[in-house]
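Quick notes on the structure that follows.
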Amino acid sequence: MTKFLLSAAAVAAFAMPSMAAAQQAQPSAADLRPNSDFKQQFEERQLFAQPEKASDAYQESQKIARCLNGRGVSDDIIGGALSDDTDYTALTTSLRGDSRACLRDTMGGLPMMVSSSLAEERLKTMTFEDRALEMDMSVAEPFYTPADGVATIDHIGRCMAVYSPGLTKKVFATRPGSDAEMEAMALLYRVTWECGVSEVPEGVPTAFQRVALAHALYDWSILNGD
């Protein structure tokens with residue numbers, strides 16, 4: 001996996017220990033066909049350095065996810081950097097096989113973004129309070145606390161989802177890369193003081209933060225039986 005450091009300003013704002021890196025799972029080529037690790041890492045870095053293109057890639061991935069959702073694919077193809085399928089093997093296998101038609105009329109999509117977009121689709125039918133009214137901390141803390149003490153943007157996303165599930169979901173009602181998306185994220189970070197991050201982290205494109213938030217809220221909803 002590739003680790004990306006957050007800006008110094010963002011790191012200084014973190015109250016949770018060692019929240020210094022934003023970690024993302026490696027995406028494959030745009031058409032989801034197998035390719036070399038070098039190309040995967042190159043494309044990931046290209047998008048990470050170009051926020052607008054990352055947001056465009058997310059929108060393209062949403063098209064694929066809507067198709068997958070409409071076909072009633074199994075929840076098992078949703079992966080995530082903190083899941084049991086960090087390489088999105090189930091998703092890419094599906095898109096090379098029974099679900100290949102979902103790639104038609106698209107520019108292709110990054111596996112992690114298709115996966116998080118599918119998580120967003122599943123979350124549309126669920127309802128959450130903006131701020132959690134109660135929770136079992138014996139379940140919540142292990143969910144968002146890094147086992148090795150090094151927190152990434154994915155752990156931050158999980159913390160946000162636990163304490164502000166409804167505000168997290170409101171991010172997904174916005175278009176990737178839009179002012180509305182940034183406003184929704186800004187409110188989420190500002191209100192969720194428990195996570196020690198009062199502003200949207202600099203240096204991490206919102207598309208990658210959205211990946212973390214979508215997987216986080218989906219995983220939290222499954223853990224709680226929603």
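By order of appearance in the structure tokens: chains A, B, ..., then residues from 1 within every chain, and ligands from 1 in the order shown.
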
Within 6 Å of region 137-149 of chain A, counting only C-alpha atoms, which residues qualify if same-chain residues fewer than 5 places away don't, as a list in words?
His155, Arg158 and Cys159 of chain A

Give me the residues near Gly157 (chain A) as a ChimeraX atom specification, where near means some atom within 8 Å (using only C-alpha atoms) and where sequence neighbours in that chain fewer than 5 positions away do not count.
/A:209,212-213,216-217

Nearest-residue call for Ser74 (chain A), choices A:Arg190, A:Arg210, A:Arg175, A:Arg122, using only C-alpha atoms
A:Arg122

Extract, using only C-alpha atoms, all DNA, RNA and protein residues at most 12 Å from Gly70 (chain A), discarding same-chain residues fewer than 5 positions from it, and format them as a VMD selection string.
chain A and resid 63 to 65 99 101 to 102 118 121 to 122

Writer output for current selection, N, CA and C atoms, as a PDB file, in the first residue's frame:
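The resulting file, result_23.pdb, is shown below:
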ATOM      1  N   LYS A  63     -20.787   6.055 -11.797  1.00  0.00           N
ATOM      2  CA  LYS A  63     -21.611   5.492 -12.876  1.00  0.00           C
ATOM      3  C   LYS A  63     -21.558   3.963 -12.826  1.00  0.00           C
ATOM      4  N   ILE A  64     -20.353   3.451 -12.641  1.00  0.00           N
ATOM      5  CA  ILE A  64     -20.178   2.007 -12.579  1.00  0.00           C
ATOM      6  C   ILE A  64     -20.888   1.440 -11.355  1.00  0.00           C
ATOM      7  N   ALA A  65     -20.761   2.144 -10.236  1.00  0.00           N
ATOM      8  CA  ALA A  65     -21.385   1.683  -8.995  1.00  0.00           C
ATOM      9  C   ALA A  65     -22.903   1.657  -9.099  1.00  0.00           C
ATOM     10  N   SER A  99     -20.310  -8.805 -14.246  1.00  0.00           N
ATOM     11  CA  SER A  99     -20.688  -7.386 -14.209  1.00  0.00           C
ATOM     12  C   SER A  99     -19.929  -6.534 -15.213  1.00  0.00           C
ATOM     13  N   ALA A 101     -20.551  -5.619 -18.084  1.00  0.00           N
ATOM     14  CA  ALA A 101     -21.381  -4.666 -18.828  1.00  0.00           C
ATOM     15  C   ALA A 101     -21.425  -3.302 -18.157  1.00  0.00           C
ATOM     16  N   CYS A 102     -21.144  -3.253 -16.863  1.00  0.00           N
ATOM     17  CA  CYS A 102     -21.184  -1.976 -16.140  1.00  0.00           C
ATOM     18  C   CYS A 102     -20.038  -1.050 -16.522  1.00  0.00           C
ATOM     19  N   LEU A 118     -20.102   2.293  -4.493  1.00  0.00           N
ATOM     20  CA  LEU A 118     -21.105   1.256  -4.264  1.00  0.00           C
ATOM     21  C   LEU A 118     -21.555   1.293  -2.800  1.00  0.00           C
ATOM     22  N   GLU A 121     -24.087   3.905  -2.552  1.00  0.00           N
ATOM     23  CA  GLU A 121     -25.376   3.443  -3.073  1.00  0.00           C
ATOM     24  C   GLU A 121     -26.125   2.645  -2.009  1.00  0.00           C
ATOM     25  N   ARG A 122     -25.435   1.779  -1.312  1.00  0.00           N
ATOM     26  CA  ARG A 122     -26.063   0.976  -0.272  1.00  0.00           C
ATOM     27  C   ARG A 122     -26.550   1.844   0.894  1.00  0.00           C
TER      28      ARG A 122
END

Can you work out the spacing between CA of Ile156 (chain A) and CA of Val197 (chain A) in Å, to one decimal?
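Between CA of Ile156 (chain A) and CA of Val197 (chain A) the gap is 8.4 Å.
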
12 Å contact set for Thr125 (chain A), only C-alpha atoms, chain neighbours under 4 positions out, as number ranges by chain:
A: 119-121, 169, 218, 221, 226

Residues from last step as file, N, CA, C and O atoms, as a tab-separated table (two decimals), in the first residue's frame:
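Result file is result.tsv:
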chain	number	residue	atom	x	y	z
A	119	ALA	N	-20.63	1.57	-1.90
A	119	ALA	CA	-20.99	1.72	-0.49
A	119	ALA	C	-21.97	2.88	-0.34
A	119	ALA	O	-22.95	2.79	0.41
A	120	GLU	N	-21.72	3.97	-1.06
A	120	GLU	CA	-22.65	5.11	-1.03
A	120	GLU	C	-24.04	4.70	-1.50
A	120	GLU	O	-25.06	5.12	-0.93
A	121	GLU	N	-24.09	3.90	-2.55
A	121	GLU	CA	-25.38	3.44	-3.07
A	121	GLU	C	-26.12	2.64	-2.01
A	121	GLU	O	-27.33	2.81	-1.82
A	169	LYS	N	-22.96	10.99	6.03
A	169	LYS	CA	-23.80	10.60	4.88
A	169	LYS	C	-24.15	11.80	4.01
A	169	LYS	O	-24.28	11.67	2.78
A	218	TYR	N	-20.20	2.76	5.78
A	218	TYR	CA	-20.78	1.48	5.37
A	218	TYR	C	-20.37	0.37	6.35
A	218	TYR	O	-21.20	-0.41	6.83
A	221	SER	N	-22.13	0.74	9.65
A	221	SER	CA	-23.54	0.36	9.58
A	221	SER	C	-23.68	-1.16	9.61
A	221	SER	O	-24.61	-1.69	10.23
A	226	ASP	N	-27.31	-2.19	10.76
A	226	ASP	CA	-28.26	-1.28	10.14
A	226	ASP	C	-28.71	-1.79	8.76
A	226	ASP	O	-28.01	-2.56	8.14

Taking 2 positions as the minimum chain separation for residues in the same chain, which residues sit within 9 Å of Ala57 (chain A) when counting only C-alpha atoms? Answer as an MDAnalysis selection string.
chainID A and resid 30 47 52:55 59:62 107:110 113 207

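Neighbours of Asp130 (chain A) closer than or equal to 6 Å, with only C-alpha atoms counted and sequence neighbours fewer than 4 positions away skipped, come out as Ser164, Pro165, Gly166 and Leu167 of chain A.
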
Could the residues in this selection be written to a file with all heavy atoms, as a PDB file, in the first residue's frame?
ATOM      1  N   SER A 164     -20.396  11.140  13.952  1.00  0.00           N
ATOM      2  CA  SER A 164     -21.297  11.986  13.158  1.00  0.00           C
ATOM      3  C   SER A 164     -21.783  11.240  11.917  1.00  0.00           C
ATOM      4  O   SER A 164     -21.495  11.631  10.781  1.00  0.00           O
ATOM      5  CB  SER A 164     -20.583  13.279  12.747  1.00  0.00           C
ATOM      6  OG  SER A 164     -20.201  14.041  13.861  1.00  0.00           O
ATOM      7  N   PRO A 165     -22.528  10.150  12.103  1.00  0.00           N
ATOM      8  CA  PRO A 165     -22.944   9.331  10.952  1.00  0.00           C
ATOM      9  C   PRO A 165     -23.819  10.080   9.948  1.00  0.00           C
ATOM     10  O   PRO A 165     -23.632   9.944   8.739  1.00  0.00           O
ATOM     11  CB  PRO A 165     -23.683   8.166  11.602  1.00  0.00           C
ATOM     12  CG  PRO A 165     -24.140   8.687  12.934  1.00  0.00           C
ATOM     13  CD  PRO A 165     -23.041   9.604  13.378  1.00  0.00           C
ATOM     14  N   GLY A 166     -24.770  10.857  10.440  1.00  0.00           N
ATOM     15  CA  GLY A 166     -25.655  11.579   9.532  1.00  0.00           C
ATOM     16  C   GLY A 166     -24.932  12.650   8.749  1.00  0.00           C
ATOM     17  O   GLY A 166     -25.185  12.840   7.547  1.00  0.00           O
ATOM     18  N   LEU A 167     -24.028  13.360   9.395  1.00  0.00           N
ATOM     19  CA  LEU A 167     -23.248  14.389   8.709  1.00  0.00           C
ATOM     20  C   LEU A 167     -22.295  13.759   7.700  1.00  0.00           C
ATOM     21  O   LEU A 167     -22.028  14.338   6.640  1.00  0.00           O
ATOM     22  CB  LEU A 167     -22.468  15.229   9.716  1.00  0.00           C
ATOM     23  CG  LEU A 167     -23.293  16.105  10.650  1.00  0.00           C
ATOM     24  CD1 LEU A 167     -22.390  16.882  11.603  1.00  0.00           C
ATOM     25  CD2 LEU A 167     -24.173  17.085   9.851  1.00  0.00           C
TER      26      LEU A 167
END

From a DSSP calculation on the backbone, collect every residue of region 126-224 of chain A in alpha helix (DSSP H) and output the set as a PDB file with C-alpha atoms, in the first residue's frame.
ATOM      1  CA  MET A 137     -17.461   2.447  23.184  1.00  0.00           C
ATOM      2  CA  SER A 138     -16.178  -1.099  23.575  1.00  0.00           C
ATOM      3  CA  VAL A 139     -17.160  -1.545  19.926  1.00  0.00           C
ATOM      4  CA  ALA A 140     -16.550   1.983  18.636  1.00  0.00           C
ATOM      5  CA  GLU A 141     -13.001   2.525  19.848  1.00  0.00           C
ATOM      6  CA  PRO A 142     -11.546  -0.660  18.312  1.00  0.00           C
ATOM      7  CA  PHE A 143     -13.345   0.224  15.069  1.00  0.00           C
ATOM      8  CA  TYR A 144     -11.523   3.510  14.525  1.00  0.00           C
ATOM      9  CA  ILE A 153      -7.172   9.038   6.647  1.00  0.00           C
ATOM     10  CA  ASP A 154      -9.131   5.772   6.776  1.00  0.00           C
ATOM     11  CA  HIS A 155      -9.051   5.759  10.584  1.00  0.00           C
ATOM     12  CA  ILE A 156     -10.092   9.412  10.618  1.00  0.00           C
ATOM     13  CA  GLY A 157     -12.994   8.490   8.340  1.00  0.00           C
ATOM     14  CA  ARG A 158     -14.066   5.760  10.725  1.00  0.00           C
ATOM     15  CA  CYS A 159     -13.942   8.147  13.668  1.00  0.00           C
ATOM     16  CA  MET A 160     -16.097  10.655  11.766  1.00  0.00           C
ATOM     17  CA  ALA A 161     -18.599   7.947  10.836  1.00  0.00           C
ATOM     18  CA  VAL A 162     -18.919   6.781  14.434  1.00  0.00           C
ATOM     19  CA  TYR A 163     -19.551  10.160  16.024  1.00  0.00           C
ATOM     20  CA  PRO A 165     -22.944   9.331  10.952  1.00  0.00           C
ATOM     21  CA  GLY A 166     -25.655  11.579   9.532  1.00  0.00           C
ATOM     22  CA  LEU A 167     -23.248  14.389   8.709  1.00  0.00           C
ATOM     23  CA  THR A 168     -20.964  11.853   7.067  1.00  0.00           C
ATOM     24  CA  LYS A 169     -23.799  10.599   4.884  1.00  0.00           C
ATOM     25  CA  LYS A 170     -24.637  14.176   3.833  1.00  0.00           C
ATOM     26  CA  VAL A 171     -21.263  14.340   2.101  1.00  0.00           C
ATOM     27  CA  ASP A 179     -18.366  23.466  -3.408  1.00  0.00           C
ATOM     28  CA  ALA A 180     -21.246  21.640  -1.723  1.00  0.00           C
ATOM     29  CA  GLU A 181     -19.010  18.639  -1.092  1.00  0.00           C
ATOM     30  CA  MET A 182     -16.357  20.812   0.510  1.00  0.00           C
ATOM     31  CA  GLU A 183     -18.974  22.585   2.637  1.00  0.00           C
ATOM     32  CA  ALA A 184     -20.393  19.256   3.833  1.00  0.00           C
ATOM     33  CA  MET A 185     -16.928  17.985   4.691  1.00  0.00           C
ATOM     34  CA  ALA A 186     -15.998  21.222   6.443  1.00  0.00           C
ATOM     35  CA  LEU A 187     -19.093  20.961   8.649  1.00  0.00           C
ATOM     36  CA  LEU A 188     -18.361  17.304   9.380  1.00  0.00           C
ATOM     37  CA  TYR A 189     -14.806  18.001  10.522  1.00  0.00           C
ATOM     38  CA  ARG A 190     -15.734  21.146  12.431  1.00  0.00           C
ATOM     39  CA  VAL A 191     -18.512  19.472  14.418  1.00  0.00           C
ATOM     40  CA  THR A 206     -11.561  15.331  -1.210  1.00  0.00           C
ATOM     41  CA  ALA A 207     -12.111  12.363  -3.544  1.00  0.00           C
ATOM     42  CA  PHE A 208      -9.722  10.262  -1.452  1.00  0.00           C
ATOM     43  CA  GLN A 209     -11.285  11.500   1.775  1.00  0.00           C
ATOM     44  CA  ARG A 210     -14.678  10.561   0.367  1.00  0.00           C
ATOM     45  CA  VAL A 211     -13.406   7.042  -0.286  1.00  0.00           C
ATOM     46  CA  ALA A 212     -12.429   6.745   3.369  1.00  0.00           C
ATOM     47  CA  LEU A 213     -15.722   8.202   4.650  1.00  0.00           C
ATOM     48  CA  ALA A 214     -17.939   6.003   2.463  1.00  0.00           C
ATOM     49  CA  HIS A 215     -16.166   2.782   3.410  1.00  0.00           C
ATOM     50  CA  ALA A 216     -16.154   3.882   7.050  1.00  0.00           C
ATOM     51  CA  LEU A 217     -19.877   4.589   7.321  1.00  0.00           C
ATOM     52  CA  TYR A 218     -20.783   1.475   5.372  1.00  0.00           C
ATOM     53  CA  ASP A 219     -18.584  -0.736   7.574  1.00  0.00           C
ATOM     54  CA  TRP A 220     -19.952   0.911  10.723  1.00  0.00           C
ATOM     55  CA  SER A 221     -23.544   0.356   9.581  1.00  0.00           C
ATOM     56  CA  ILE A 222     -22.819  -3.328   8.938  1.00  0.00           C
ATOM     57  CA  LEU A 223     -21.135  -3.698  12.323  1.00  0.00           C
TER      58      LEU A 223
END

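CA of Asp136 (chain A) sits 25.3 Å away from CA of Ser116 (chain A).
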
What is the distance between CA of Pro111 (chain A) and CA of Tyr88 (chain A), in Å to one decimal?
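For CA of Pro111 (chain A) relative to CA of Tyr88 (chain A), the distance reads 6.3 Å.
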
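Compared by their closest atoms to Ala90 (chain A), and using only C-alpha atoms, the residues A:Gly196, A:Met112, A:Ala173, A:Leu103 rank with A:Met112 nearest.
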
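DSSP secondary structure from the backbone places Ala21, Ala22, Gln23 and Gln24 of chain A of region 20-204 of chain A in strand (DSSP E).
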
Keeping only N, CA, C and O atoms, take the residues you just selected and write them out as a PDB file, in the first residue's frame.
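Wrote it out as again.pdb, contents follow:
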ATOM      1  N   ALA A  21      -0.437  10.177   8.411  1.00  0.00           N
ATOM      2  CA  ALA A  21      -0.409   9.661   7.041  1.00  0.00           C
ATOM      3  C   ALA A  21      -1.793   9.387   6.523  1.00  0.00           C
ATOM      4  O   ALA A  21      -2.659   8.967   7.257  1.00  0.00           O
ATOM      5  N   ALA A  22      -1.986   9.644   5.225  1.00  0.00           N
ATOM      6  CA  ALA A  22      -3.234   9.293   4.570  1.00  0.00           C
ATOM      7  C   ALA A  22      -2.946   8.118   3.657  1.00  0.00           C
ATOM      8  O   ALA A  22      -2.260   8.251   2.660  1.00  0.00           O
ATOM      9  N   GLN A  23      -3.456   6.940   3.988  1.00  0.00           N
ATOM     10  CA  GLN A  23      -3.115   5.715   3.280  1.00  0.00           C
ATOM     11  C   GLN A  23      -4.237   5.311   2.344  1.00  0.00           C
ATOM     12  O   GLN A  23      -5.379   5.264   2.739  1.00  0.00           O
ATOM     13  N   GLN A  24      -3.883   5.005   1.106  1.00  0.00           N
ATOM     14  CA  GLN A  24      -4.883   4.599   0.135  1.00  0.00           C
ATOM     15  C   GLN A  24      -4.512   3.262  -0.481  1.00  0.00           C
ATOM     16  O   GLN A  24      -3.329   2.961  -0.671  1.00  0.00           O
TER      17      GLN A  24
END

Residue nearest Cys67 (chain A) among A:Thr127, A:Thr192, A:Ser117, A:Ser198 (counting only C-alpha atoms):
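For Cys67 (chain A), the nearest of the given residues is A:Ser117.
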